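Comments concern the structure below.
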Amino acid sequence: MLKIENRRAKAEEDVRLVVADDIGRLYARYGLALSVGRVFGLLLASNQALSLDEIAETLGISKSGASVAARDLERIGIVNRLGTPGSKRVLYEATDQMESTFTGTFARVNDALQAMHRAESRLGGGKAKKRMKQMVEVHEFWLRESNDMMERWRRRRQNK
């Protein structure tokens, strides 16, 4: 029976590593550190909270690398830090509030919109001004539609 349990645990760990690597590569494409994406992927694919030692060992990274990644993920609100009563041991888990994964994206689009507004106001007439105005409009549209979409998502989740 122990062999079956070990095999099952190994298969579950292998799946978590595949997910961690996929999410890591995805996040790296968008300019985040590969380790940040891998830690997030591992936590998303884990059924329980993990310590920094467990994260580091599973992913084959240093404990300090796991710590930096976990803190970054906690700061942007997609990972929760859990204390353990009577211990200094800290555990991390992915949030159950998946809309928080878009918070950073919305912030970046809003930052881009502000830069586009500044650029548009500095440009004179002509093609450049017209292009910049379209950039402003598409960013405003994106944010408006995204806000509506997230509101629909929240209502949907409340009805479940």
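Ligands are numbered from 1 in the order shown, residues from 1 within each chain, and chains are lettered A, B, ... in the order they appear in the structure tokens.
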Q.
Just list as a list in words whatever in chain A DSSP marks as strand (DSSP E).
A. Leu50, Ser51, Val79, Asn80, Arg81, Leu82, Gly83, Val90, Leu91, Tyr92, Glu93 and Ala94 of chain A
Q: List the neighbours of Leu59 (chain A) out to 8 Å using only C-alpha atoms; skip same-chain residues closer than 6 positions along the sequence, and give me the result as a PyMOL selection string.
A: chain A and resi 17+38-39
C-alpha atoms of the current selection, written as a short mmCIF file (atom, residue, chain, number, x, y, z; two decimals), in the first residue's frame:
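Ended up saving to result-v7.cif:
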data_model
loop_
_atom_site.label_atom_id
_atom_site.label_comp_id
_atom_site.auth_asym_id
_atom_site.auth_seq_id
_atom_site.Cartn_x
_atom_site.Cartn_y
_atom_site.Cartn_z
CA LEU A 17 5.75 20.70 -11.74
CA ARG A 38 6.73 28.87 -11.31
CA VAL A 39 6.01 29.53 -7.62
#
If you run DSSP on the backbone here, which positions in chain A get alpha helix (DSSP H)? Please write them as an mmCIF file with N, CA and C atoms, in the first residue's frame.
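Output file out31.cif follows:
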data_model
loop_
_atom_site.group_PDB
_atom_site.id
_atom_site.type_symbol
_atom_site.label_atom_id
_atom_site.label_comp_id
_atom_site.auth_asym_id
_atom_site.auth_seq_id
_atom_site.Cartn_x
_atom_site.Cartn_y
_atom_site.Cartn_z
ATOM 1 N N LEU A 2 1.974 1.224 0.692
ATOM 2 C CA LEU A 2 2.861 2.369 0.746
ATOM 3 C C LEU A 2 3.403 2.718 -0.639
ATOM 4 N N LYS A 3 3.714 1.697 -1.452
ATOM 5 C CA LYS A 3 4.204 1.946 -2.804
ATOM 6 C C LYS A 3 3.162 2.685 -3.637
ATOM 7 N N ILE A 4 1.899 2.314 -3.504
ATOM 8 C CA ILE A 4 0.822 2.973 -4.246
ATOM 9 C C ILE A 4 0.704 4.425 -3.811
ATOM 10 N N GLU A 5 0.771 4.669 -2.508
ATOM 11 C CA GLU A 5 0.682 6.041 -2.009
ATOM 12 C C GLU A 5 1.877 6.870 -2.478
ATOM 13 N N ASN A 6 3.067 6.289 -2.461
ATOM 14 C CA ASN A 6 4.259 7.001 -2.941
ATOM 15 C C ASN A 6 4.144 7.315 -4.420
ATOM 16 N N ARG A 7 3.651 6.351 -5.196
ATOM 17 C CA ARG A 7 3.490 6.558 -6.637
ATOM 18 C C ARG A 7 2.465 7.655 -6.898
ATOM 19 N N ARG A 8 1.367 7.641 -6.135
ATOM 20 C CA ARG A 8 0.325 8.662 -6.294
ATOM 21 C C ARG A 8 0.878 10.043 -5.937
ATOM 22 N N ALA A 9 1.642 10.117 -4.849
ATOM 23 C CA ALA A 9 2.232 11.394 -4.438
ATOM 24 C C ALA A 9 3.217 11.883 -5.495
ATOM 25 N N LYS A 10 4.018 10.980 -6.073
ATOM 26 C CA LYS A 10 4.984 11.347 -7.108
ATOM 27 C C LYS A 10 4.266 11.859 -8.361
ATOM 28 N N ALA A 11 3.175 11.184 -8.756
ATOM 29 C CA ALA A 11 2.417 11.618 -9.933
ATOM 30 C C ALA A 11 1.808 12.996 -9.701
ATOM 31 N N GLU A 12 1.283 13.222 -8.485
ATOM 32 C CA GLU A 12 0.704 14.531 -8.158
ATOM 33 C C GLU A 12 1.781 15.612 -8.207
ATOM 34 N N GLU A 13 2.969 15.305 -7.691
ATOM 35 C CA GLU A 13 4.066 16.268 -7.719
ATOM 36 C C GLU A 13 4.482 16.559 -9.159
ATOM 37 N N ASP A 14 4.535 15.513 -10.009
ATOM 38 C CA ASP A 14 4.893 15.709 -11.409
ATOM 39 C C ASP A 14 3.905 16.634 -12.103
ATOM 40 N N VAL A 15 2.619 16.475 -11.833
ATOM 41 C CA VAL A 15 1.594 17.343 -12.420
ATOM 42 C C VAL A 15 1.804 18.771 -11.939
ATOM 43 N N ARG A 16 2.089 18.926 -10.668
ATOM 44 C CA ARG A 16 2.318 20.273 -10.132
ATOM 45 C C ARG A 16 3.524 20.927 -10.795
ATOM 46 N N LEU A 17 4.567 20.154 -11.070
ATOM 47 C CA LEU A 17 5.750 20.704 -11.735
ATOM 48 C C LEU A 17 5.451 21.110 -13.171
ATOM 49 N N VAL A 18 4.652 20.318 -13.862
ATOM 50 C CA VAL A 18 4.251 20.672 -15.233
ATOM 51 C C VAL A 18 3.477 21.984 -15.218
ATOM 52 N N VAL A 19 2.536 22.095 -14.294
ATOM 53 C CA VAL A 19 1.749 23.327 -14.174
ATOM 54 C C VAL A 19 2.665 24.496 -13.819
ATOM 55 N N ALA A 20 3.565 24.298 -12.854
ATOM 56 C CA ALA A 20 4.482 25.362 -12.435
ATOM 57 C C ALA A 20 5.338 25.837 -13.610
ATOM 58 N N ASP A 21 5.843 24.904 -14.388
ATOM 59 C CA ASP A 21 6.675 25.286 -15.535
ATOM 60 C C ASP A 21 5.867 26.019 -16.605
ATOM 61 N N ASP A 22 4.645 25.554 -16.867
ATOM 62 C CA ASP A 22 3.782 26.229 -17.850
ATOM 63 C C ASP A 22 3.462 27.657 -17.423
ATOM 64 N N ILE A 23 3.057 27.821 -16.165
ATOM 65 C CA ILE A 23 2.719 29.153 -15.661
ATOM 66 C C ILE A 23 3.976 30.021 -15.617
ATOM 67 N N GLY A 24 5.096 29.438 -15.251
ATOM 68 C CA GLY A 24 6.358 30.185 -15.227
ATOM 69 C C GLY A 24 6.711 30.740 -16.590
ATOM 70 N N ARG A 25 6.612 29.902 -17.625
ATOM 71 C CA ARG A 25 6.916 30.375 -18.984
ATOM 72 C C ARG A 25 5.925 31.457 -19.420
ATOM 73 N N LEU A 26 4.659 31.282 -19.081
ATOM 74 C CA LEU A 26 3.641 32.272 -19.430
ATOM 75 C C LEU A 26 3.965 33.617 -18.780
ATOM 76 N N TYR A 27 4.249 33.605 -17.483
ATOM 77 C CA TYR A 27 4.554 34.854 -16.784
ATOM 78 C C TYR A 27 5.825 35.492 -17.323
ATOM 79 N N ALA A 28 6.824 34.662 -17.681
ATOM 80 C CA ALA A 28 8.080 35.196 -18.218
ATOM 81 C C ALA A 28 7.839 35.930 -19.533
ATOM 82 N N ARG A 29 6.889 35.440 -20.339
ATOM 83 C CA ARG A 29 6.564 36.131 -21.597
ATOM 84 C C ARG A 29 6.055 37.532 -21.360
ATOM 85 N N LEU A 34 10.760 34.169 -14.203
ATOM 86 C CA LEU A 34 10.329 32.786 -14.371
ATOM 87 C C LEU A 34 10.013 32.160 -13.013
ATOM 88 N N SER A 35 10.844 32.447 -12.006
ATOM 89 C CA SER A 35 10.627 31.851 -10.682
ATOM 90 C C SER A 35 9.317 32.312 -10.061
ATOM 91 N N VAL A 36 8.933 33.545 -10.305
ATOM 92 C CA VAL A 36 7.657 34.054 -9.770
ATOM 93 C C VAL A 36 6.502 33.261 -10.370
ATOM 94 N N GLY A 37 6.525 33.085 -11.676
ATOM 95 C CA GLY A 37 5.478 32.302 -12.333
ATOM 96 C C GLY A 37 5.475 30.855 -11.894
ATOM 97 N N ARG A 38 6.658 30.274 -11.728
ATOM 98 C CA ARG A 38 6.734 28.867 -11.307
ATOM 99 C C ARG A 38 6.184 28.693 -9.889
ATOM 100 N N VAL A 39 6.533 29.617 -8.989
ATOM 101 C CA VAL A 39 6.007 29.532 -7.619
ATOM 102 C C VAL A 39 4.488 29.673 -7.640
ATOM 103 N N PHE A 40 3.977 30.625 -8.407
ATOM 104 C CA PHE A 40 2.526 30.797 -8.488
ATOM 105 C C PHE A 40 1.862 29.541 -9.060
ATOM 106 N N GLY A 41 2.431 28.993 -10.122
ATOM 107 C CA GLY A 41 1.882 27.769 -10.708
ATOM 108 C C GLY A 41 1.863 26.618 -9.722
ATOM 109 N N LEU A 42 2.949 26.470 -8.967
ATOM 110 C CA LEU A 42 3.006 25.405 -7.958
ATOM 111 C C LEU A 42 1.932 25.604 -6.904
ATOM 112 N N LEU A 43 1.779 26.829 -6.429
ATOM 113 C CA LEU A 43 0.768 27.092 -5.400
ATOM 114 C C LEU A 43 -0.650 26.915 -5.942
ATOM 115 N N LEU A 44 -0.862 27.296 -7.198
ATOM 116 C CA LEU A 44 -2.180 27.077 -7.818
ATOM 117 C C LEU A 44 -2.516 25.588 -7.898
ATOM 118 N N ALA A 45 -1.498 24.769 -8.185
ATOM 119 C CA ALA A 45 -1.715 23.342 -8.403
ATOM 120 C C ALA A 45 -1.643 22.514 -7.116
ATOM 121 N N LEU A 52 8.210 27.652 2.537
ATOM 122 C CA LEU A 52 9.267 28.059 1.614
ATOM 123 C C LEU A 52 10.210 26.895 1.324
ATOM 124 N N ASP A 53 10.488 26.080 2.336
ATOM 125 C CA ASP A 53 11.342 24.906 2.123
ATOM 126 C C ASP A 53 10.714 23.953 1.113
ATOM 127 N N GLU A 54 9.405 23.725 1.229
ATOM 128 C CA GLU A 54 8.710 22.827 0.295
ATOM 129 C C GLU A 54 8.700 23.400 -1.119
ATOM 130 N N ILE A 55 8.467 24.707 -1.213
ATOM 131 C CA ILE A 55 8.462 25.360 -2.531
ATOM 132 C C ILE A 55 9.836 25.234 -3.176
ATOM 133 N N ALA A 56 10.873 25.577 -2.412
ATOM 134 C CA ALA A 56 12.240 25.544 -2.932
ATOM 135 C C ALA A 56 12.629 24.133 -3.353
ATOM 136 N N GLU A 57 12.343 23.164 -2.511
ATOM 137 C CA GLU A 57 12.715 21.777 -2.819
ATOM 138 C C GLU A 57 11.962 21.255 -4.042
ATOM 139 N N THR A 58 10.664 21.506 -4.106
ATOM 140 C CA THR A 58 9.858 21.008 -5.220
ATOM 141 C C THR A 58 10.303 21.610 -6.545
ATOM 142 N N LEU A 59 10.603 22.912 -6.542
ATOM 143 C CA LEU A 59 10.964 23.595 -7.786
ATOM 144 C C LEU A 59 12.465 23.550 -8.085
ATOM 145 N N LYS A 63 15.981 28.721 -1.336
ATOM 146 C CA LYS A 63 14.935 29.176 -0.416
ATOM 147 C C LYS A 63 14.770 30.696 -0.516
ATOM 148 N N SER A 64 15.865 31.420 -0.709
ATOM 149 C CA SER A 64 15.748 32.882 -0.833
ATOM 150 C C SER A 64 15.010 33.253 -2.116
ATOM 151 N N GLY A 65 15.236 32.504 -3.197
ATOM 152 C CA GLY A 65 14.495 32.738 -4.443
ATOM 153 C C GLY A 65 13.017 32.468 -4.267
ATOM 154 N N ALA A 66 12.700 31.393 -3.531
ATOM 155 C CA ALA A 66 11.296 31.071 -3.244
ATOM 156 C C ALA A 66 10.675 32.163 -2.388
ATOM 157 N N SER A 67 11.439 32.680 -1.434
ATOM 158 C CA SER A 67 10.941 33.723 -0.537
ATOM 159 C C SER A 67 10.646 35.012 -1.293
ATOM 160 N N VAL A 68 11.569 35.425 -2.154
ATOM 161 C CA VAL A 68 11.372 36.652 -2.937
ATOM 162 C C VAL A 68 10.145 36.499 -3.831
ATOM 163 N N ALA A 69 10.021 35.373 -4.507
ATOM 164 C CA ALA A 69 8.879 35.138 -5.399
ATOM 165 C C ALA A 69 7.572 35.133 -4.614
ATOM 166 N N ALA A 70 7.550 34.437 -3.480
ATOM 167 C CA ALA A 70 6.324 34.358 -2.676
ATOM 168 C C ALA A 70 5.920 35.738 -2.160
ATOM 169 N N ARG A 71 6.888 36.525 -1.723
ATOM 170 C CA ARG A 71 6.577 37.882 -1.244
ATOM 171 C C ARG A 71 6.045 38.762 -2.371
ATOM 172 N N ASP A 72 6.645 38.643 -3.569
ATOM 173 C CA ASP A 72 6.147 39.410 -4.716
ATOM 174 C C ASP A 72 4.703 39.022 -5.035
ATOM 175 N N LEU A 73 4.422 37.737 -5.022
ATOM 176 C CA LEU A 73 3.066 37.255 -5.307
ATOM 177 C C LEU A 73 2.080 37.698 -4.227
ATOM 178 N N GLU A 74 2.542 37.694 -2.983
ATOM 179 C CA GLU A 74 1.693 38.164 -1.877
ATOM 180 C C GLU A 74 1.402 39.656 -2.040
ATOM 181 N N ARG A 75 2.424 40.425 -2.413
ATOM 182 C CA ARG A 75 2.264 41.876 -2.571
ATOM 183 C C ARG A 75 1.227 42.223 -3.632
ATOM 184 N N THR A 103 -5.579 42.212 -11.293
ATOM 185 C CA THR A 103 -5.342 43.529 -10.712
ATOM 186 C C THR A 103 -4.097 44.179 -11.289
ATOM 187 N N GLY A 104 -3.015 43.431 -11.379
ATOM 188 C CA GLY A 104 -1.773 43.970 -11.937
ATOM 189 C C GLY A 104 -1.917 44.358 -13.393
ATOM 190 N N THR A 105 -2.648 43.543 -14.138
ATOM 191 C CA THR A 105 -2.875 43.843 -15.552
ATOM 192 C C THR A 105 -3.647 45.142 -15.693
ATOM 193 N N PHE A 106 -4.701 45.298 -14.903
ATOM 194 C CA PHE A 106 -5.492 46.526 -14.960
ATOM 195 C C PHE A 106 -4.633 47.734 -14.598
ATOM 196 N N ALA A 107 -3.785 47.586 -13.601
ATOM 197 C CA ALA A 107 -2.918 48.694 -13.187
ATOM 198 C C ALA A 107 -1.957 49.079 -14.315
ATOM 199 N N ARG A 108 -1.390 48.070 -14.999
ATOM 200 C CA ARG A 108 -0.474 48.367 -16.103
ATOM 201 C C ARG A 108 -1.191 49.057 -17.261
ATOM 202 N N VAL A 109 -2.397 48.623 -17.577
ATOM 203 C CA VAL A 109 -3.155 49.258 -18.665
ATOM 204 C C VAL A 109 -3.508 50.685 -18.266
ATOM 205 N N ASN A 110 -3.861 50.889 -17.016
ATOM 206 C CA ASN A 110 -4.175 52.241 -16.552
ATOM 207 C C ASN A 110 -2.929 53.131 -16.605
ATOM 208 N N ASP A 111 -1.774 52.590 -16.213
ATOM 209 C CA ASP A 111 -0.526 53.354 -16.319
ATOM 210 C C ASP A 111 -0.247 53.724 -17.776
ATOM 211 N N ALA A 112 -0.447 52.768 -18.672
ATOM 212 C CA ALA A 112 -0.243 53.043 -20.104
ATOM 213 C C ALA A 112 -1.200 54.117 -20.583
ATOM 214 N N LEU A 113 -2.450 54.057 -20.126
ATOM 215 C CA LEU A 113 -3.447 55.063 -20.504
ATOM 216 C C LEU A 113 -2.996 56.450 -20.064
ATOM 217 N N GLN A 114 -2.491 56.562 -18.855
ATOM 218 C CA GLN A 114 -2.038 57.871 -18.363
ATOM 219 C C GLN A 114 -0.871 58.386 -19.215
ATOM 220 N N ALA A 115 0.042 57.491 -19.589
ATOM 221 C CA ALA A 115 1.165 57.889 -20.447
ATOM 222 C C ALA A 115 0.657 58.324 -21.822
ATOM 223 N N MET A 116 -0.333 57.626 -22.341
ATOM 224 C CA MET A 116 -0.896 57.978 -23.652
ATOM 225 C C MET A 116 -1.600 59.328 -23.586
ATOM 226 N N HIS A 117 -2.306 59.588 -22.482
ATOM 227 C CA HIS A 117 -2.951 60.901 -22.296
ATOM 228 C C HIS A 117 -1.899 62.014 -22.308
ATOM 229 N N ARG A 118 -0.808 61.795 -21.571
ATOM 230 C CA ARG A 118 0.248 62.816 -21.531
ATOM 231 C C ARG A 118 0.841 63.020 -22.917
ATOM 232 N N ALA A 119 1.086 61.922 -23.609
ATOM 233 C CA ALA A 119 1.668 62.013 -24.952
ATOM 234 C C ALA A 119 0.731 62.741 -25.900
ATOM 235 N N GLU A 120 -0.546 62.406 -25.842
ATOM 236 C CA GLU A 120 -1.524 63.051 -26.730
ATOM 237 C C GLU A 120 -1.560 64.556 -26.492
ATOM 238 N N SER A 121 -1.504 64.967 -25.220
ATOM 239 C CA SER A 121 -1.580 66.396 -24.913
ATOM 240 C C SER A 121 -0.332 67.153 -25.377
ATOM 241 N N ARG A 122 0.779 66.463 -25.543
ATOM 242 C CA ARG A 122 2.025 67.117 -25.956
ATOM 243 C C ARG A 122 2.171 67.222 -27.471
ATOM 244 N N LYS A 127 -0.797 63.053 -38.053
ATOM 245 C CA LYS A 127 -0.942 61.607 -37.892
ATOM 246 C C LYS A 127 -0.563 61.122 -36.493
ATOM 247 N N ALA A 128 0.511 61.680 -35.950
ATOM 248 C CA ALA A 128 0.975 61.228 -34.633
ATOM 249 C C ALA A 128 -0.098 61.471 -33.575
ATOM 250 N N LYS A 129 -0.683 62.650 -33.609
ATOM 251 C CA LYS A 129 -1.737 62.983 -32.634
ATOM 252 C C LYS A 129 -2.930 62.045 -32.825
ATOM 253 N N LYS A 130 -3.291 61.781 -34.078
ATOM 254 C CA LYS A 130 -4.429 60.909 -34.375
ATOM 255 C C LYS A 130 -4.165 59.479 -33.858
ATOM 256 N N ARG A 131 -2.945 58.969 -34.092
ATOM 257 C CA ARG A 131 -2.599 57.629 -33.601
ATOM 258 C C ARG A 131 -2.653 57.576 -32.080
ATOM 259 N N MET A 132 -2.112 58.619 -31.453
ATOM 260 C CA MET A 132 -2.089 58.629 -29.990
ATOM 261 C C MET A 132 -3.501 58.706 -29.431
ATOM 262 N N LYS A 133 -4.378 59.451 -30.095
ATOM 263 C CA LYS A 133 -5.777 59.520 -29.662
ATOM 264 C C LYS A 133 -6.420 58.138 -29.732
ATOM 265 N N GLN A 134 -6.106 57.388 -30.788
ATOM 266 C CA GLN A 134 -6.635 56.024 -30.892
ATOM 267 C C GLN A 134 -6.087 55.133 -29.779
ATOM 268 N N MET A 135 -4.819 55.330 -29.429
ATOM 269 C CA MET A 135 -4.245 54.558 -28.320
ATOM 270 C C MET A 135 -4.992 54.865 -27.023
ATOM 271 N N VAL A 136 -5.277 56.134 -26.796
ATOM 272 C CA VAL A 136 -6.045 56.512 -25.605
ATOM 273 C C VAL A 136 -7.412 55.836 -25.637
ATOM 274 N N GLU A 137 -8.074 55.912 -26.772
ATOM 275 C CA GLU A 137 -9.419 55.341 -26.886
ATOM 276 C C GLU A 137 -9.424 53.832 -26.676
ATOM 277 N N VAL A 138 -8.449 53.128 -27.231
ATOM 278 C CA VAL A 138 -8.441 51.669 -27.077
ATOM 279 C C VAL A 138 -8.140 51.284 -25.628
ATOM 280 N N HIS A 139 -7.269 52.028 -24.960
ATOM 281 C CA HIS A 139 -6.994 51.740 -23.547
ATOM 282 C C HIS A 139 -8.220 52.038 -22.680
ATOM 283 N N GLU A 140 -8.903 53.146 -22.961
ATOM 284 C CA GLU A 140 -10.133 53.461 -22.217
ATOM 285 C C GLU A 140 -11.193 52.391 -22.442
ATOM 286 N N PHE A 141 -11.328 51.963 -23.675
ATOM 287 C CA PHE A 141 -12.287 50.904 -24.001
ATOM 288 C C PHE A 141 -11.939 49.623 -23.253
ATOM 289 N N TRP A 142 -10.672 49.242 -23.279
ATOM 290 C CA TRP A 142 -10.220 48.023 -22.613
ATOM 291 C C TRP A 142 -10.549 48.067 -21.137
ATOM 292 N N LEU A 143 -10.238 49.180 -20.484
ATOM 293 C CA LEU A 143 -10.508 49.288 -19.051
ATOM 294 C C LEU A 143 -12.003 49.268 -18.743
ATOM 295 N N ARG A 144 -12.788 49.981 -19.537
ATOM 296 C CA ARG A 144 -14.238 50.019 -19.329
ATOM 297 C C ARG A 144 -14.837 48.617 -19.474
ATOM 298 N N GLU A 145 -14.468 47.944 -20.555
ATOM 299 C CA GLU A 145 -14.981 46.591 -20.784
ATOM 300 C C GLU A 145 -14.496 45.622 -19.708
ATOM 301 N N SER A 146 -13.267 45.766 -19.278
ATOM 302 C CA SER A 146 -12.711 44.888 -18.244
ATOM 303 C C SER A 146 -13.434 45.090 -16.920
ATOM 304 N N ASN A 147 -13.708 46.342 -16.571
ATOM 305 C CA ASN A 147 -14.450 46.610 -15.331
ATOM 306 C C ASN A 147 -15.832 45.977 -15.381
ATOM 307 N N ASP A 148 -16.503 46.108 -16.517
ATOM 308 C CA ASP A 148 -17.827 45.491 -16.670
ATOM 309 C C ASP A 148 -17.733 43.972 -16.581
ATOM 310 N N MET A 149 -16.718 43.417 -17.220
ATOM 311 C CA MET A 149 -16.520 41.972 -17.200
ATOM 312 C C MET A 149 -16.282 41.480 -15.766
ATOM 313 N N MET A 150 -15.459 42.179 -15.002
ATOM 314 C CA MET A 150 -15.180 41.758 -13.631
ATOM 315 C C MET A 150 -16.425 41.876 -12.757
ATOM 316 N N GLU A 151 -17.237 42.871 -13.001
ATOM 317 C CA GLU A 151 -18.487 43.003 -12.248
ATOM 318 C C GLU A 151 -19.418 41.828 -12.553
ATOM 319 N N ARG A 152 -19.494 41.454 -13.822
ATOM 320 C CA ARG A 152 -20.305 40.278 -14.190
ATOM 321 C C ARG A 152 -19.752 39.016 -13.525
ATOM 322 N N TRP A 153 -18.443 38.905 -13.473
ATOM 323 C CA TRP A 153 -17.801 37.754 -12.827
ATOM 324 C C TRP A 153 -18.171 37.688 -11.336
ATOM 325 N N ARG A 154 -18.096 38.823 -10.650
ATOM 326 C CA ARG A 154 -18.437 38.850 -9.217
ATOM 327 C C ARG A 154 -19.887 38.452 -8.985
ATOM 328 N N ARG A 155 -20.792 38.974 -9.826
ATOM 329 C CA ARG A 155 -22.212 38.599 -9.689
ATOM 330 C C ARG A 155 -22.394 37.108 -9.933
ATOM 331 N N ARG A 156 -21.714 36.591 -10.920
ATOM 332 C CA ARG A 156 -21.802 35.157 -11.241
ATOM 333 C C ARG A 156 -21.330 34.319 -10.054
ATOM 334 N N ARG A 157 -20.209 34.730 -9.432
ATOM 335 C CA ARG A 157 -19.669 33.987 -8.306
ATOM 336 C C ARG A 157 -20.611 34.048 -7.098
ATOM 337 N N GLN A 158 -21.294 35.172 -6.904
ATOM 338 C CA GLN A 158 -22.221 35.317 -5.773
ATOM 339 C C GLN A 158 -23.437 34.420 -5.952
#
